[in-house]
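Chemist: Contents are PDB, C-alpha atoms, pLDDT in the B column; file name coords02.pdb:
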```
ATOM      1  CA  MET A   1     -32.547   1.575  30.142  1.00 60.00           C
ATOM      2  CA  SER A   2     -31.041  -0.785  27.583  1.00 68.00           C
ATOM      3  CA  PHE A   3     -31.854  -1.170  23.929  1.00 74.00           C
ATOM      4  CA  THR A   4     -31.366  -4.124  21.607  1.00 76.00           C
ATOM      5  CA  TYR A   5     -31.706  -4.493  17.853  1.00 77.00           C
ATOM      6  CA  THR A   6     -34.385  -6.845  16.610  1.00 81.00           C
ATOM      7  CA  TYR A   7     -32.950  -7.205  13.100  1.00 84.00           C
ATOM      8  CA  ALA A   8     -30.054  -9.335  11.910  1.00 84.00           C
ATOM      9  CA  ARG A   9     -26.850  -7.360  11.314  1.00 88.00           C
ATOM     10  CA  ALA A  10     -23.928  -7.789   8.963  1.00 93.00           C
ATOM     11  CA  ALA A  11     -20.459  -8.551  10.330  1.00 96.00           C
ATOM     12  CA  LEU A  12     -17.792  -5.888   9.735  1.00 98.00           C
ATOM     13  CA  ALA A  13     -14.299  -6.681   8.455  1.00 98.00           C
ATOM     14  CA  VAL A  14     -11.219  -4.929   7.057  1.00 98.00           C
ATOM     15  CA  ASP A  15      -8.916  -5.949   4.201  1.00 98.00           C
ATOM     16  CA  CYS A  16      -5.596  -4.373   3.248  1.00 98.00           C
ATOM     17  CA  VAL A  17      -3.833  -4.091  -0.108  1.00 98.00           C
ATOM     18  CA  VAL A  18      -0.156  -3.622   0.751  1.00 97.00           C
ATOM     19  CA  PHE A  19       2.065  -2.261  -2.045  1.00 97.00           C
ATOM     20  CA  GLY A  20       5.845  -2.463  -2.132  1.00 95.00           C
ATOM     21  CA  LEU A  21       8.474  -1.797  -4.795  1.00 92.00           C
ATOM     22  CA  ASP A  22      11.285  -4.257  -5.478  1.00 85.00           C
ATOM     23  CA  GLU A  23      14.005  -4.234  -8.125  1.00 78.00           C
ATOM     24  CA  ALA A  24      11.713  -5.696 -10.762  1.00 77.00           C
ATOM     25  CA  ASP A  25       8.157  -4.562 -10.200  1.00 91.00           C
ATOM     26  CA  LEU A  26       5.445  -3.038  -8.072  1.00 95.00           C
ATOM     27  CA  ALA A  27       4.271  -5.826  -5.777  1.00 95.00           C
ATOM     28  CA  VAL A  28       1.355  -6.711  -3.496  1.00 96.00           C
ATOM     29  CA  LEU A  29       1.653  -8.596  -0.224  1.00 95.00           C
ATOM     30  CA  LEU A  30      -0.600 -11.658   0.057  1.00 95.00           C
ATOM     31  CA  ILE A  31      -1.203 -14.239   2.753  1.00 93.00           C
ATOM     32  CA  ARG A  32      -2.088 -17.898   2.228  1.00 93.00           C
ATOM     33  CA  ARG A  33      -5.142 -18.700   4.320  1.00 92.00           C
ATOM     34  CA  ASP A  34      -4.800 -21.428   6.921  1.00 87.00           C
ATOM     35  CA  LEU A  35      -8.506 -21.628   7.763  1.00 88.00           C
ATOM     36  CA  GLU A  36     -11.724 -22.275   5.889  1.00 92.00           C
ATOM     37  CA  PRO A  37     -13.275 -20.869   3.843  1.00 94.00           C
ATOM     38  CA  PHE A  38     -10.684 -20.851   1.047  1.00 95.00           C
ATOM     39  CA  ALA A  39      -8.012 -22.615   3.120  1.00 93.00           C
ATOM     40  CA  GLY A  40      -4.778 -22.754   1.133  1.00 93.00           C
ATOM     41  CA  LYS A  41      -5.751 -19.891  -1.206  1.00 95.00           C
ATOM     42  CA  TRP A  42      -4.013 -16.556  -1.400  1.00 97.00           C
ATOM     43  CA  ALA A  43      -5.833 -13.542  -0.011  1.00 96.00           C
ATOM     44  CA  LEU A  44      -5.339  -9.994   1.216  1.00 97.00           C
ATOM     45  CA  PRO A  45      -4.415  -9.522   4.878  1.00 95.00           C
ATOM     46  CA  GLY A  46      -7.495  -8.718   6.935  1.00 96.00           C
ATOM     47  CA  GLY A  47     -10.089  -9.886   9.394  1.00 95.00           C
ATOM     48  CA  PHE A  48     -13.067  -8.965  11.518  1.00 96.00           C
ATOM     49  CA  VAL A  49     -13.352  -5.692  13.442  1.00 98.00           C
ATOM     50  CA  HIS A  50     -13.489  -6.033  17.222  1.00 97.00           C
ATOM     51  CA  LEU A  51     -16.247  -4.271  19.153  1.00 95.00           C
ATOM     52  CA  ASP A  52     -13.758  -2.131  21.075  1.00 97.00           C
ATOM     53  CA  GLU A  53     -11.792  -0.748  18.094  1.00 98.00           C
ATOM     54  CA  THR A  54     -12.280   1.551  15.126  1.00 98.00           C
ATOM     55  CA  VAL A  55     -11.927   0.259  11.579  1.00 98.00           C
ATOM     56  CA  ASP A  56      -8.577   2.061  11.257  1.00 98.00           C
ATOM     57  CA  GLU A  57      -7.334   0.356  14.408  1.00 98.00           C
ATOM     58  CA  ALA A  58      -8.597  -2.987  13.130  1.00 98.00           C
ATOM     59  CA  ALA A  59      -6.748  -2.573   9.828  1.00 98.00           C
ATOM     60  CA  ARG A  60      -3.449  -1.843  11.577  1.00 97.00           C
ATOM     61  CA  ARG A  61      -3.958  -4.695  14.042  1.00 95.00           C
ATOM     62  CA  GLU A  62      -4.703  -7.203  11.291  1.00 94.00           C
ATOM     63  CA  LEU A  63      -1.636  -6.112   9.321  1.00 92.00           C
ATOM     64  CA  ALA A  64       0.539  -6.592  12.379  1.00 90.00           C
ATOM     65  CA  GLU A  65      -1.039  -9.926  13.308  1.00 88.00           C
ATOM     66  CA  GLU A  66      -1.021 -11.513   9.853  1.00 87.00           C
ATOM     67  CA  THR A  67       2.137 -10.044   8.316  1.00 87.00           C
ATOM     68  CA  GLY A  68       4.193  -8.458  11.089  1.00 86.00           C
ATOM     69  CA  LEU A  69       3.951  -5.042   9.426  1.00 88.00           C
ATOM     70  CA  GLY A  70       3.605  -1.926  11.561  1.00 86.00           C
ATOM     71  CA  ARG A  71       4.001   1.840  11.214  1.00 87.00           C
ATOM     72  CA  VAL A  72       3.116   1.928   7.511  1.00 92.00           C
ATOM     73  CA  TYR A  73       1.244   4.469   5.393  1.00 95.00           C
ATOM     74  CA  LEU A  74      -2.395   3.356   5.423  1.00 97.00           C
ATOM     75  CA  GLU A  75      -5.396   4.942   3.726  1.00 97.00           C
ATOM     76  CA  GLN A  76      -9.021   3.892   3.487  1.00 98.00           C
ATOM     77  CA  LEU A  77     -10.008   2.821  -0.020  1.00 98.00           C
ATOM     78  CA  TYR A  78     -13.646   1.713  -0.339  1.00 98.00           C
ATOM     79  CA  THR A  79     -16.390  -0.306   1.347  1.00 98.00           C
ATOM     80  CA  PHE A  80     -17.292  -3.616  -0.310  1.00 98.00           C
ATOM     81  CA  GLY A  81     -20.707  -5.006   0.608  1.00 97.00           C
ATOM     82  CA  GLY A  82     -21.650  -7.668  -1.908  1.00 96.00           C
ATOM     83  CA  ILE A  83     -24.335  -9.889  -0.395  1.00 95.00           C
ATOM     84  CA  ASP A  84     -22.556 -13.165  -1.155  1.00 94.00           C
ATOM     85  CA  ARG A  85     -18.933 -12.026  -0.862  1.00 96.00           C
ATOM     86  CA  ASP A  86     -18.326 -14.330   2.139  1.00 96.00           C
ATOM     87  CA  PRO A  87     -19.809 -17.859   2.269  1.00 95.00           C
ATOM     88  CA  ARG A  88     -19.902 -17.864   6.092  1.00 93.00           C
ATOM     89  CA  GLU A  89     -22.272 -14.971   6.710  1.00 94.00           C
ATOM     90  CA  ARG A  90     -23.175 -11.470   5.581  1.00 95.00           C
ATOM     91  CA  VAL A  91     -19.893  -9.539   5.795  1.00 97.00           C
ATOM     92  CA  VAL A  92     -19.187  -5.943   4.825  1.00 98.00           C
ATOM     93  CA  THR A  93     -15.500  -5.070   4.530  1.00 98.00           C
ATOM     94  CA  VAL A  94     -13.756  -1.703   4.633  1.00 98.00           C
ATOM     95  CA  ALA A  95     -10.747  -1.920   2.318  1.00 98.00           C
ATOM     96  CA  TYR A  96      -7.476  -0.062   2.780  1.00 98.00           C
ATOM     97  CA  TYR A  97      -4.273   0.277   0.831  1.00 98.00           C
ATOM     98  CA  ALA A  98      -0.847   0.547   2.439  1.00 97.00           C
ATOM     99  CA  LEU A  99       2.547   1.620   1.082  1.00 96.00           C
ATOM    100  CA  VAL A 100       5.805   0.215   2.451  1.00 94.00           C
ATOM    101  CA  ASN A 101       9.490   0.451   1.747  1.00 91.00           C
ATOM    102  CA  LEU A 102      10.515  -3.194   1.358  1.00 84.00           C
ATOM    103  CA  ALA A 103      14.012  -2.600   2.729  1.00 76.00           C
ATOM    104  CA  ASP A 104      12.585  -1.460   6.068  1.00 73.00           C
ATOM    105  CA  HIS A 105       9.953  -4.147   6.563  1.00 63.00           C
ATOM    106  CA  ARG A 106      10.286  -7.880   6.980  1.00 68.00           C
ATOM    107  CA  VAL A 107       7.029  -9.770   6.618  1.00 71.00           C
ATOM    108  CA  LYS A 108       6.096 -12.889   8.521  1.00 67.00           C
ATOM    109  CA  ALA A 109       2.899 -14.919   8.511  1.00 62.00           C
ATOM    110  CA  ALA A 110       1.011 -15.264  11.790  1.00 61.00           C
ATOM    111  CA  THR A 111      -2.418 -16.049  13.324  1.00 60.00           C
ATOM    112  CA  ASP A 112      -4.630 -17.553  10.592  1.00 63.00           C
ATOM    113  CA  ALA A 113      -2.109 -17.003   7.757  1.00 65.00           C
ATOM    114  CA  ARG A 114      -0.051 -20.008   6.616  1.00 75.00           C
ATOM    115  CA  GLU A 115       2.528 -17.859   4.824  1.00 88.00           C
ATOM    116  CA  ALA A 116       3.016 -14.351   3.488  1.00 88.00           C
ATOM    117  CA  ALA A 117       4.684 -13.438   0.186  1.00 91.00           C
ATOM    118  CA  TRP A 118       5.058 -10.623  -2.340  1.00 93.00           C
ATOM    119  CA  PHE A 119       3.577 -10.946  -5.840  1.00 95.00           C
ATOM    120  CA  ALA A 120       4.068  -8.642  -8.822  1.00 95.00           C
ATOM    121  CA  VAL A 121       0.875  -6.720  -9.587  1.00 96.00           C
ATOM    122  CA  SER A 122       1.121  -8.068 -13.135  1.00 93.00           C
ATOM    123  CA  ASP A 123       1.141 -11.682 -11.923  1.00 94.00           C
ATOM    124  CA  LEU A 124      -1.296 -12.010  -9.029  1.00 97.00           C
ATOM    125  CA  PRO A 125      -2.859 -15.448  -8.384  1.00 97.00           C
ATOM    126  CA  ALA A 126      -6.620 -15.890  -8.141  1.00 97.00           C
ATOM    127  CA  LEU A 127      -7.602 -14.557  -4.722  1.00 98.00           C
ATOM    128  CA  ALA A 128     -10.150 -15.648  -2.119  1.00 97.00           C
ATOM    129  CA  PHE A 129     -13.477 -13.872  -1.558  1.00 98.00           C
ATOM    130  CA  ASP A 130     -13.734 -10.728  -3.743  1.00 98.00           C
ATOM    131  CA  HIS A 131     -10.130  -9.760  -3.124  1.00 98.00           C
ATOM    132  CA  ASP A 132      -9.336  -9.651  -6.859  1.00 98.00           C
ATOM    133  CA  ALA A 133     -11.728  -6.706  -7.201  1.00 98.00           C
ATOM    134  CA  ILE A 134     -10.351  -5.020  -4.085  1.00 98.00           C
ATOM    135  CA  ALA A 135      -6.747  -5.319  -5.310  1.00 98.00           C
ATOM    136  CA  ALA A 136      -7.686  -3.988  -8.754  1.00 98.00           C
ATOM    137  CA  MET A 137      -9.425  -0.938  -7.281  1.00 98.00           C
ATOM    138  CA  ALA A 138      -6.489  -0.237  -4.967  1.00 98.00           C
ATOM    139  CA  LEU A 139      -4.066  -0.318  -7.897  1.00 98.00           C
ATOM    140  CA  GLU A 140      -6.195   2.124  -9.887  1.00 97.00           C
ATOM    141  CA  ARG A 141      -6.425   4.433  -6.868  1.00 97.00           C
ATOM    142  CA  LEU A 142      -2.653   4.347  -6.393  1.00 97.00           C
ATOM    143  CA  ARG A 143      -1.998   5.074 -10.071  1.00 96.00           C
ATOM    144  CA  SER A 144      -4.354   8.030  -9.941  1.00 95.00           C
ATOM    145  CA  LYS A 145      -3.198   9.466  -6.646  1.00 95.00           C
ATOM    146  CA  VAL A 146       0.585   9.348  -7.156  1.00 94.00           C
ATOM    147  CA  ARG A 147       0.140  11.922  -9.903  1.00 92.00           C
ATOM    148  CA  TYR A 148      -1.194  14.615  -7.575  1.00 92.00           C
ATOM    149  CA  ARG A 149       0.030  13.554  -4.109  1.00 93.00           C
ATOM    150  CA  PRO A 150       3.606  12.607  -3.127  1.00 94.00           C
ATOM    151  CA  LEU A 151       2.567   9.128  -1.994  1.00 93.00           C
ATOM    152  CA  GLY A 152       5.259   7.449  -4.041  1.00 93.00           C
ATOM    153  CA  PHE A 153       7.953   8.479  -1.593  1.00 95.00           C
ATOM    154  CA  GLU A 154       6.432   6.043   0.924  1.00 95.00           C
ATOM    155  CA  LEU A 155       7.663   3.221  -1.335  1.00 95.00           C
ATOM    156  CA  LEU A 156      11.260   4.476  -1.376  1.00 95.00           C
ATOM    157  CA  PRO A 157      14.009   4.410   1.247  1.00 92.00           C
ATOM    158  CA  PRO A 158      14.602   7.741   3.061  1.00 94.00           C
ATOM    159  CA  LYS A 159      17.562   8.444   0.767  1.00 95.00           C
ATOM    160  CA  PHE A 160      17.160   7.746  -2.950  1.00 96.00           C
ATOM    161  CA  THR A 161      18.499   8.623  -6.375  1.00 96.00           C
ATOM    162  CA  LEU A 162      16.549  10.365  -9.124  1.00 96.00           C
ATOM    163  CA  THR A 163      16.773   7.157 -11.129  1.00 95.00           C
ATOM    164  CA  MET A 164      15.064   5.258  -8.309  1.00 94.00           C
ATOM    165  CA  LEU A 165      12.347   7.913  -8.143  1.00 96.00           C
ATOM    166  CA  GLN A 166      11.720   7.784 -11.895  1.00 96.00           C
ATOM    167  CA  ARG A 167      11.634   3.983 -11.876  1.00 95.00           C
ATOM    168  CA  LEU A 168       9.018   4.121  -9.121  1.00 95.00           C
ATOM    169  CA  TYR A 169       6.699   6.265 -11.212  1.00 95.00           C
ATOM    170  CA  GLU A 170       7.291   4.184 -14.314  1.00 95.00           C
ATOM    171  CA  LYS A 171       6.384   0.988 -12.452  1.00 95.00           C
ATOM    172  CA  VAL A 172       3.254   2.443 -10.870  1.00 95.00           C
ATOM    173  CA  LEU A 173       2.040   4.199 -14.024  1.00 94.00           C
ATOM    174  CA  GLU A 174       3.165   1.358 -16.326  1.00 93.00           C
ATOM    175  CA  ARG A 175       4.817   3.607 -18.893  1.00 94.00           C
ATOM    176  CA  GLU A 176       8.234   5.046 -19.633  1.00 95.00           C
ATOM    177  CA  LEU A 177       8.952   8.664 -18.721  1.00 95.00           C
ATOM    178  CA  ASP A 178      11.349  11.016 -20.448  1.00 96.00           C
ATOM    179  CA  LYS A 179      14.379  11.251 -18.173  1.00 96.00           C
ATOM    180  CA  ARG A 180      15.202  14.903 -18.839  1.00 96.00           C
ATOM    181  CA  ASN A 181      11.630  16.174 -18.498  1.00 96.00           C
ATOM    182  CA  PHE A 182      10.950  14.099 -15.389  1.00 95.00           C
ATOM    183  CA  ARG A 183      14.033  15.346 -13.559  1.00 96.00           C
ATOM    184  CA  LYS A 184      13.442  18.937 -14.587  1.00 96.00           C
ATOM    185  CA  LYS A 185       9.871  18.842 -13.313  1.00 94.00           C
ATOM    186  CA  VAL A 186      10.526  17.061 -10.039  1.00 94.00           C
ATOM    187  CA  LEU A 187      13.513  19.244  -9.134  1.00 95.00           C
ATOM    188  CA  ALA A 188      11.617  22.429  -9.975  1.00 94.00           C
ATOM    189  CA  MET A 189       9.050  21.608  -7.272  1.00 93.00           C
ATOM    190  CA  GLY A 190      11.615  22.302  -4.568  1.00 93.00           C
ATOM    191  CA  LEU A 191      10.585  19.257  -2.552  1.00 95.00           C
ATOM    192  CA  LEU A 192      13.812  17.283  -2.822  1.00 97.00           C
ATOM    193  CA  GLU A 193      16.781  17.939  -0.571  1.00 97.00           C
ATOM    194  CA  GLU A 194      20.043  17.199  -2.355  1.00 96.00           C
ATOM    195  CA  LEU A 195      22.379  15.396   0.022  1.00 97.00           C
ATOM    196  CA  ASP A 196      26.154  15.468   0.175  1.00 96.00           C
ATOM    197  CA  GLU A 197      26.079  11.703  -0.290  1.00 96.00           C
ATOM    198  CA  VAL A 198      26.189   9.232  -3.153  1.00 93.00           C
ATOM    199  CA  GLU A 199      25.214   5.592  -3.585  1.00 87.00           C
ATOM    200  CA  GLN A 200      27.395   3.024  -1.908  1.00 85.00           C
ATOM    201  CA  ASP A 201      28.526  -0.411  -3.118  1.00 79.00           C
ATOM    202  CA  VAL A 202      27.215  -0.097  -6.689  1.00 75.00           C
ATOM    203  CA  ALA A 203      28.835  -1.435  -9.855  1.00 71.00           C
ATOM    204  CA  HIS A 204      28.013   1.672 -11.898  1.00 78.00           C
ATOM    205  CA  ARG A 205      28.963   5.289 -11.311  1.00 83.00           C
ATOM    206  CA  ALA A 206      27.524   6.306  -7.931  1.00 87.00           C
ATOM    207  CA  ALA A 207      24.621   8.730  -8.228  1.00 93.00           C
ATOM    208  CA  ARG A 208      23.708  11.615  -5.936  1.00 96.00           C
ATOM    209  CA  LEU A 209      21.234  10.873  -3.142  1.00 97.00           C
ATOM    210  CA  TYR A 210      18.172  12.960  -2.332  1.00 97.00           C
ATOM    211  CA  ARG A 211      15.602  13.119   0.440  1.00 97.00           C
ATOM    212  CA  PHE A 212      11.940  14.142   0.286  1.00 96.00           C
ATOM    213  CA  ASP A 213      11.325  17.248   2.405  1.00 96.00           C
ATOM    214  CA  LYS A 214       7.998  16.488   4.130  1.00 93.00           C
ATOM    215  CA  LYS A 215       8.041  19.691   6.164  1.00 94.00           C
ATOM    216  CA  ARG A 216       8.543  21.785   3.033  1.00 93.00           C
ATOM    217  CA  TYR A 217       5.701  19.949   1.286  1.00 93.00           C
ATOM    218  CA  ARG A 218       3.281  20.588   4.170  1.00 92.00           C
ATOM    219  CA  GLU A 219       4.168  24.285   4.096  1.00 92.00           C
ATOM    220  CA  LEU A 220       3.638  24.505   0.333  1.00 89.00           C
ATOM    221  CA  GLU A 221       0.401  22.510   0.533  1.00 87.00           C
ATOM    222  CA  LYS A 222      -1.069  24.992   3.013  1.00 89.00           C
ATOM    223  CA  ALA A 223      -0.193  27.775   0.590  1.00 87.00           C
ATOM    224  CA  GLY A 224      -2.073  26.040  -2.235  1.00 85.00           C
ATOM    225  CA  PHE A 225       0.825  24.199  -3.875  1.00 84.00           C
ATOM    226  CA  ASP A 226      -0.287  21.776  -6.590  1.00 82.00           C
ATOM    227  CA  PHE A 227       1.792  18.587  -6.733  1.00 87.00           C
ATOM    228  CA  GLU A 228       1.415  17.040 -10.177  1.00 85.00           C
ATOM    229  CA  LEU A 229       3.655  14.688 -12.131  1.00 81.00           C
TER     230      LEU A 229
END
```
So that I can check it, write out the structure of this file as structure tokens.

Modeler:
Amino acid sequence: MSFTYTYARAALAVDCVVFGLDEADLAVLLIRRDLEPFAGKWALPGGFVHLDETVDEAARRELAEETGLGRVYLEQLYTFGGIDRDPRERVVTVAYYALVNLADHRVKAATDAREAAWFAVSDLPALAFDHDAIAAMALERLRSKVRYRPLGFELLPPKFTLTMLQRLYEKVLERELDKRNFRKKVLAMGLLEELDEVEQDVAHRAARLYRFDKKRYRELEKAGFDFEL
């Protein structure tokens, strides 16, 4: 026995807000659309969900197809269902945000994207569809969550200095942090492994390198550890 729906249904899509940290600012990855609607405008990477995939699988596929990114931290953000958010048809989109270390990922435009580029969160162009609202919500979620989850380490290389770590939090939170208090607090958590290595090829005095101990964090989390910066 087969069943069919007699009512019109909305199309399902995914959109991804990809954050990266460069020397100057926290940035978002955008693609310039090559197809109508909004051909030539900047937008978030995304597309329609296939019938044979989950929304999580669709988000990762679209990131790979439109930007070349793979194996990145990805978390579901919110579902946007404005009636007129897409001029083609009724489309509901599940939004995600992703965190990448820029040094480890080279982006490239593909499929229906004309080009891909990074933009500072403080200087985003007007975006297609309702992507301005999606990007704004993702930024607020990131700013809130980095304070109680160690998500920020996803934006750093595997080995980093304490200065790099502090700069990350200052860029995300948009405020300066006291150097002494920040270092005292982050080191007291016992989540950083001090390495017998220092920075290489730098003009200033080379600083000690550290690594985030994910295994240690998972152990502490199970025991009720409260990460808060």

Chemist: To test your reading of the syntax: which residues would the PyMOL selection byres ((chain A and resi 191-194) around 6) return for the file shown? Reply as number ranges by chain.

Modeler: A: 189-190, 195, 210-213

Chemist: May I have the selected residues written with C-alpha atoms, as an mmCIF file, in the frame of the given file?

Modeler:
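Saved result, selection-v9.cif, follows:
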```
data_model
loop_
_atom_site.group_PDB
_atom_site.id
_atom_site.type_symbol
_atom_site.label_atom_id
_atom_site.label_comp_id
_atom_site.auth_asym_id
_atom_site.auth_seq_id
_atom_site.Cartn_x
_atom_site.Cartn_y
_atom_site.Cartn_z
ATOM 1 C CA MET A 189 9.050 21.608 -7.272
ATOM 2 C CA GLY A 190 11.615 22.302 -4.568
ATOM 3 C CA LEU A 195 22.379 15.396 0.022
ATOM 4 C CA TYR A 210 18.172 12.960 -2.332
ATOM 5 C CA ARG A 211 15.602 13.119 0.440
ATOM 6 C CA PHE A 212 11.940 14.142 0.286
ATOM 7 C CA ASP A 213 11.325 17.248 2.405
#
```

Chemist: I would like the residues chosen by the PyMOL selection byres ((chain A and resi 170-182) around 9) on the shown file; could you give them as a PyMOL selection string?

Modeler: chain A and resi 21+24-26+139+142-144+146-147+152+163+165-169+183-187+229

Chemist: Would you kindly translate the PyMOL selection byres ((chain A and resi 16) around 7) into the concrete residues it picks from this file, as a list in words?

Modeler: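 Residues picked by the PyMOL selection byres ((chain A and resi 16) around 7): Val14, Asp15, Val17, Val18, Leu44, Pro45, Gly46, Ala59, Ala95, Tyr96, Tyr97 and Ala98 of chain A.
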
Chemist: Go ahead and write the selection's residues with C-alpha atoms as a PDB file, in the frame of the given file.

Modeler:
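Result file again30.pdb:
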```
ATOM      1  CA  VAL A  14     -11.219  -4.929   7.057  1.00 98.00           C
ATOM      2  CA  ASP A  15      -8.916  -5.949   4.201  1.00 98.00           C
ATOM      3  CA  VAL A  17      -3.833  -4.091  -0.108  1.00 98.00           C
ATOM      4  CA  VAL A  18      -0.156  -3.622   0.751  1.00 97.00           C
ATOM      5  CA  LEU A  44      -5.339  -9.994   1.216  1.00 97.00           C
ATOM      6  CA  PRO A  45      -4.415  -9.522   4.878  1.00 95.00           C
ATOM      7  CA  GLY A  46      -7.495  -8.718   6.935  1.00 96.00           C
ATOM      8  CA  ALA A  59      -6.748  -2.573   9.828  1.00 98.00           C
ATOM      9  CA  ALA A  95     -10.747  -1.920   2.318  1.00 98.00           C
ATOM     10  CA  TYR A  96      -7.476  -0.062   2.780  1.00 98.00           C
ATOM     11  CA  TYR A  97      -4.273   0.277   0.831  1.00 98.00           C
ATOM     12  CA  ALA A  98      -0.847   0.547   2.439  1.00 97.00           C
TER      13      ALA A  98
END
```

Chemist: Can you tell me which residues surround A:Phe38 at a distance of at most 10 Å, considering all atoms listed in the file, apart from same-chain residues fewer than 5 positions away, and format the answer as a list of chain:residue names?

Modeler: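 My list of contacting residues is A:Arg32, A:Arg33, A:Ala43, A:Pro87, A:Leu127, A:Ala128, A:Phe129.
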
Chemist: Taking the point (1.6, 21.2, 0.2) as given in the file, collect each protein or nucleic acid residue that comes within 12 Å of it, counting all atoms listed in the file, and present the set as a list of chain:residue names.

Modeler: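 Residues found, by chain and rising number: A:Tyr148, A:Arg149, A:Pro150, A:Met189, A:Gly190, A:Leu191, A:Asp213, A:Lys214, A:Lys215, A:Arg216, A:Tyr217, A:Arg218, A:Glu219, A:Leu220, A:Glu221, A:Lys222, A:Ala223, A:Gly224, A:Phe225, A:Asp226, A:Phe227, A:Glu228.
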
Chemist: Can you work out the spacing between atom CA of A:Val107 and atom CA of A:Val72 in Å, to one decimal?

Modeler: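 Separation between atom CA of A:Val107 and atom CA of A:Val72: 12.4 Å.
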
Chemist: Please tell me which residues are no farther than 12 Å from (-20.2, -18.9, 1.3) in the file, counting all atoms listed in the file, and write them as a PyMOL selection string.

Modeler: chain A and resi 36-38+82-91+128-130

Chemist: Could you give me the centre and size, in Å to one decimal, of an axis-aligned box around all listed atoms of stretch 170-182 of chain A with 3 Å added on every side, as lines of an AutoDock Vina configuration file?

Modeler:
```
center_x = 8.6
center_y = 8.6
center_z = -15.7
size_x = 19.2
size_y = 21.2
size_z = 15.6
```

Chemist: Between A:Ala39, A:Leu51, A:Leu99, A:Leu69, which has the minimum distance to A:Leu156 (counting only C-alpha atoms)?

Modeler: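 Distance minimum relative to A:Leu156 lands on A:Leu99.
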
Chemist: For A:Gly70, which residue among A:Phe48, A:Glu154, A:Asp104, A:Trp42 is the nearest when counting only C-alpha atoms?

Modeler: A:Asp104

Chemist: Hey, can you check how far atom CA of A:Phe153 sits from atom CA of A:Leu74?

Modeler: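 Taking atom CA of A:Phe153 and atom CA of A:Leu74, their separation equals 13.5 Å.
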
Chemist: Nearest to A:Gly40: which of A:Ala188, A:Val92, A:Ala126, A:Ala120 is it, counting all atoms listed in the file?

Modeler: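 Among the listed residues, the smallest separation from A:Gly40 belongs to A:Ala126.
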